[in-house]
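First comes the structure, then the notes that go with it.
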Amino acid sequence: MNSLKIGILSIQGDIEENASAVKKSLLELETEGQIIHLKNTSGIEGLHGLVIPGGESTVMGILLSLQKIHLNLLVRKISEGLPVLGTCAGLILMANKAHDKTLGETKQQLLQVLDVTVERNAFGRQRESFEADLEIPMLGQEPFKGVFIRGPVITEVGKNVQILTRFENKIVAVKQDNIMATSFHPELASDNRFHNKFLSTCIKYYKSKEIGQDGLKS
Amino acid sequence: MAISLVPSNRKSESKKILIEKDNNTVKGSVLVKRGFAHMQKHGVIMDVTNVEQAQIAEESGAVAVMVLDKLPYDVRKAGGVARTAGVKTILDIMNSVSIPIMAKCRIGHVSEAQMLESCGVDMVDESEVLTPADEENHIWKWDFTTPFVNGAKNLGEALRRIEEGASMIRTKGEPGTGNVAEAVNHIKILNREVRMLCSAYSENDFQEMIKLSREFRVSLDVVREVGRLGRLPVVNFAAGGITTPSDAAFLMRLGCDGVFVGSGIFKSEDPSLRARAVVLATTYYDDEKILLEAQRMVDEKKSLIGLDTKNLDIRMQERGPLV
């Protein structure tokens with residue numbers, strides 16, 4: 001049996017912070033698994049989950065688009081149900097459409113696997129960055145600390161997209177099948193509930209894959 | 001905890017953290033300021049002096065741009081007093097790229113820093129590249145909502161800046177020389193001192209830790225935090241003299257979280273290609289195939305020729321307050 005493999009897109013951004021959050025989730029859910037740092041997406045085949053960290057979405061887009069083949073593979077795997085958690089830049093990168101608050105349309109590279117439109121830097125520049133308590137019913141009663149760093153907001157959602165929470169009436173976290181995406185940085189919250197939720201989706205996906213493989217064998 | 005919060009807030013009495021009561025929003029907290037620096041990790045921050053260069057930087061994959069009036073190499077050539085960039089230049093660049101914008105202020109120049117904060121700059125670099133404005137003190141950075149980055153030649157200097165509220169550290173190197181040796185030297189000294197401190201921490205040797213905190217002129221709190229983490233409590237970038245993709249890869253190998261490139265890109269004769277190549281080399285510093293490809297993108301004949309760091313008119317790394 002293969003073990004649970006969680007990939008972290010390790011091109012740019014807070015890669016280590018996400019890795020340590022996933023590691024903590026593995027402990028909290030008492031699951032064995034390994035974390036794989038993915039720099040060129042060639043290792044994507046065996047994964048049971050992928051985290052796209054926070055950082056600059058333009059940088060990740062540019063470096064991913066240089067490896068066209070892998071990029072298409074990544075898009076295909078996500079469309080086929082690979083669980084993904086995208087935080088901030090990860091949300092932008094997965095979106096169908098993105099525009100900047102001050103610059104408007106930009107021609108940045110997007111994966112277009114999540115049916116939402118995103119406005120980048122929607123709260124303003126760094127001095128407007130903030131932390132605030134969010135109500136996220138999916139994670140239970142207790143508020144979740146949202147750390148917004150030059151964060152984007154979601155301005156439009158497709159019909160398959162579930163809204164997880166809003167802040168000041170702006171959509172800041174969504175779920176679409178196995179994809180979860182946030183405007184804020186759950187990896188910086190020292191509260192692992194978001195990563196735990198993601199990991200349990202990965203475990204479900206992993207089990208379904210294992211059953212699929214056993215089915216083939218018998 | 002993914003981000004170290006030690007030392008915690010030391011805002012001056014009169015300065016209050018911005019809290020908007022209705023929805024309990026906190027701005028300018030340690031977490032939000034250091035968090036910004038964490039988002040720059042594994043990236044390249046490029047020095048630019050105008051809109052055109054900023055756009056080239058963004059298209060090449062820079063994670064942020066640093067706006068200056070003159071590139072460090074030209075600061076050396078021009079002599080005189082080097083001050084912060086013009087407001088118009090900063091605003092024009094802000095309106096033309098979507099990535100974060102940083103700007104340098106003179107060491108100790110609180111008002112220049114305040115002006116940059118009002119301007120909406122995402123991070124302020126209190127930099128030795130500009131002419132220091134205070135020979136006694138650095139800026140007390142806890143009082144600002146905007147995060148700061150400071151240069152350091154060794155662990156003591158880095159920790160003193162962190163205790164003053166810096167959210168990010170970079171090596172000083174010797175800017176504008178095209179020579180990476182000083183940056184390499186600074187990161188190696190810092191790494192060595194971190195190792196020494198860690199061994200005292202792991203042996204629970206309080207006497208040694210207190211000795212080190214006196215030697216570094218910082219609190220025991222921050223010394224213990226370095227021991228616990230095995231690294232600086234904030235993001236640490238390389239800067240000063242980076243010219244080629246291999247220079248960037250070398251500093252990443254030495255454990256830097258990312259790189260600043262000053263004169264290296266826009267004082268070369270192949271800036272666009274070189275910018276992209278340095279970005280590639282920074283992300284894939286441990287992949288020899290991509291590194292070779294990146295190095296092949298630049299032409300050594302087009303590199304900034306550089307200066308001998310032994311015979312400089314100004315040693316920028318030695319400017320500013322002594323402690």
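Following the order of the structure tokens, chains are lettered A, B, ..., residues in each are numbered from 1, and ligands are numbered from 1.
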
Next item on the list: Find the residues in chain B near chain A: any atom within 7 Å counts, using only C-alpha atoms. Write them as an MDAnalysis selection string.
Entry: chainID B and resid 1:3 24:28 32 36 38:43 61:63 95:96 98 120 122 145:146 283

Notebook entry, point to check: Mind checking DSSP for stretch 103-275 of chain B and telling me the alpha helix (DSSP H) residues as a count of residues only?
Noted result: 80

Margin query: I need the residues in stretch 140-264 of chain B that are strand (DSSP E) according to DSSP; give them as a PyMOL selection string.
Written below: chain B and resi 148-152+168-171+235-237+259-261

Preceding selection exported with C-alpha atoms as a short mmCIF file (atom, residue, chain, number, x, y, z; two decimals), in the first residue's frame:
```cif
data_model
loop_
_atom_site.label_atom_id
_atom_site.label_comp_id
_atom_site.auth_asym_id
_atom_site.auth_seq_id
_atom_site.Cartn_x
_atom_site.Cartn_y
_atom_site.Cartn_z
CA PHE B 148 10.60 47.26 7.72
CA VAL B 149 13.60 45.39 6.40
CA ASN B 150 17.11 46.10 7.72
CA GLY B 151 20.59 45.04 6.73
CA ALA B 152 22.95 43.08 8.99
CA MET B 168 12.77 41.14 7.87
CA ILE B 169 16.56 41.04 7.69
CA ARG B 170 18.92 41.02 4.73
CA THR B 171 22.67 40.71 4.53
CA VAL B 235 12.75 36.08 7.19
CA ASN B 236 16.37 36.54 6.11
CA PHE B 237 17.29 37.54 2.54
CA VAL B 259 17.43 37.49 -2.64
CA PHE B 260 17.55 41.21 -3.33
CA VAL B 261 19.23 42.21 -6.58
#
```

Item checked: Atomic separation - atom CA of A:Thr41 relative to atom CA of A:Phe198, Å -> 19.8 Å

Margin query: When you look at B:Ser219 with a cut-off of 10 Å (counting only C-alpha atoms), what residues show up, excluding the ones that are within fewer than 4 positions of it in the same chain? I need them as number ranges by chain.
Written below: B: 7, 159-160, 163, 210, 212-214, 223-224

Include C-alpha atoms and write out the residues we just selected as a short mmCIF file (atom, residue, chain, number, x, y, z; two decimals), in the first residue's frame.
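New file again.cif:
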```cif
data_model
loop_
_atom_site.label_atom_id
_atom_site.label_comp_id
_atom_site.auth_asym_id
_atom_site.auth_seq_id
_atom_site.Cartn_x
_atom_site.Cartn_y
_atom_site.Cartn_z
CA PRO B 7 10.03 39.86 20.73
CA LEU B 159 18.91 40.76 16.43
CA ARG B 160 19.35 44.41 17.40
CA GLU B 163 14.45 44.24 18.68
CA ILE B 210 23.54 35.43 28.93
CA LEU B 212 25.96 35.91 24.20
CA SER B 213 23.06 38.25 24.84
CA ARG B 214 25.53 40.75 26.39
CA VAL B 223 18.62 34.93 22.16
CA ARG B 224 16.56 32.01 23.47
#
```

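Using only C-alpha atoms for every distance, the candidate list B:Pro233, B:Pro72, B:Gly165, B:Pro132 yields B:Pro72 as the residue closest to B:Ile265.
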
Notebook entry, point to check: Could you name the residues that touch B:Thr49 at 8 Å or less, counting only C-alpha atoms, but leaving out those on the same chain fewer than 3 positions away, as an MDAnalysis selection string?
Noted result: chainID B and resid 53:54 67:71 89

Note to self: Report, in Å to a single decimal, how far apart atom CA of A:Ile136 and atom CA of A:Asn160 are.
What the structure shows: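 Value for the atom CA of A:Asn160-atom CA of A:Ile136 distance: 18.6 Å.
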
Note to self: Which residue is closest to A:Leu82? Choose from A:Gly7, A:Pro143, A:Pro186, A:Pro137 and count only C-alpha atoms.
What the structure shows: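 Of A:Gly7, A:Pro143, A:Pro186, A:Pro137, the one nearest A:Leu82 is A:Gly7, counting only C-alpha atoms.
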
Contacts of A:Leu91 within 7 Å, only C-alpha atoms, excl. fewer than 6 positions in-chain, as a short mmCIF file (atom, residue, chain, number, x, y, z; two decimals) with C-alpha atoms, in the first residue's frame:
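So around.cif came out as:
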```cif
data_model
loop_
_atom_site.label_atom_id
_atom_site.label_comp_id
_atom_site.auth_asym_id
_atom_site.auth_seq_id
_atom_site.Cartn_x
_atom_site.Cartn_y
_atom_site.Cartn_z
CA ALA A 181 -9.45 28.29 -1.28
CA THR A 182 -9.05 31.23 1.07
CA SER A 183 -8.20 34.93 0.80
#
```

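Going from atom CA of B:Arg192 to atom CA of B:Asn154 covers 9.3 Å.
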
Next item on the list: Find the residues around A:Gln162 up to 9 Å (only C-alpha atoms counted), leave out those fewer than 4 positions away in its own chain, and share them as a list in words.
Entry: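 The residues satisfying every condition are Val157, Gly158, Ala173, Val174, Lys175, Gln176 and Asp177 of chain A.
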
Margin query: Can you tell me which residues surround B:Pro147 at a distance of at most 6 Å, considering only C-alpha atoms, apart from same-chain residues fewer than 3 positions away, and format the answer as a ChimeraX atom specification?
Written below: /B:33,123,167

Hey, can you spit out that residue selection with N, CA and C atoms as a short mmCIF file (atom, residue, chain, number, x, y, z; two decimals), in the first residue's frame?
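File selection35.cif, as written:
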```
data_model
loop_
_atom_site.label_atom_id
_atom_site.label_comp_id
_atom_site.auth_asym_id
_atom_site.auth_seq_id
_atom_site.Cartn_x
_atom_site.Cartn_y
_atom_site.Cartn_z
N LYS B 33 2.77 42.05 10.01
CA LYS B 33 3.99 42.64 9.43
C LYS B 33 5.01 41.56 9.05
N MET B 123 6.69 47.93 2.04
CA MET B 123 7.74 47.67 3.02
C MET B 123 8.80 48.76 2.88
N SER B 167 10.90 43.62 10.54
CA SER B 167 10.12 42.41 10.25
C SER B 167 10.87 41.47 9.31
#
```

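Proximity ranking of B:Ile162, B:Ile45, B:Ala85, B:Glu174 relative to B:Lys310 places B:Glu174 first, based on only C-alpha atoms.
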
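In terms of minimum interatomic distance to B:Arg319, B:Ser127 ranks closest within B:Ser8, B:Asn185, B:Thr177, B:Ser127, counting only C-alpha atoms.
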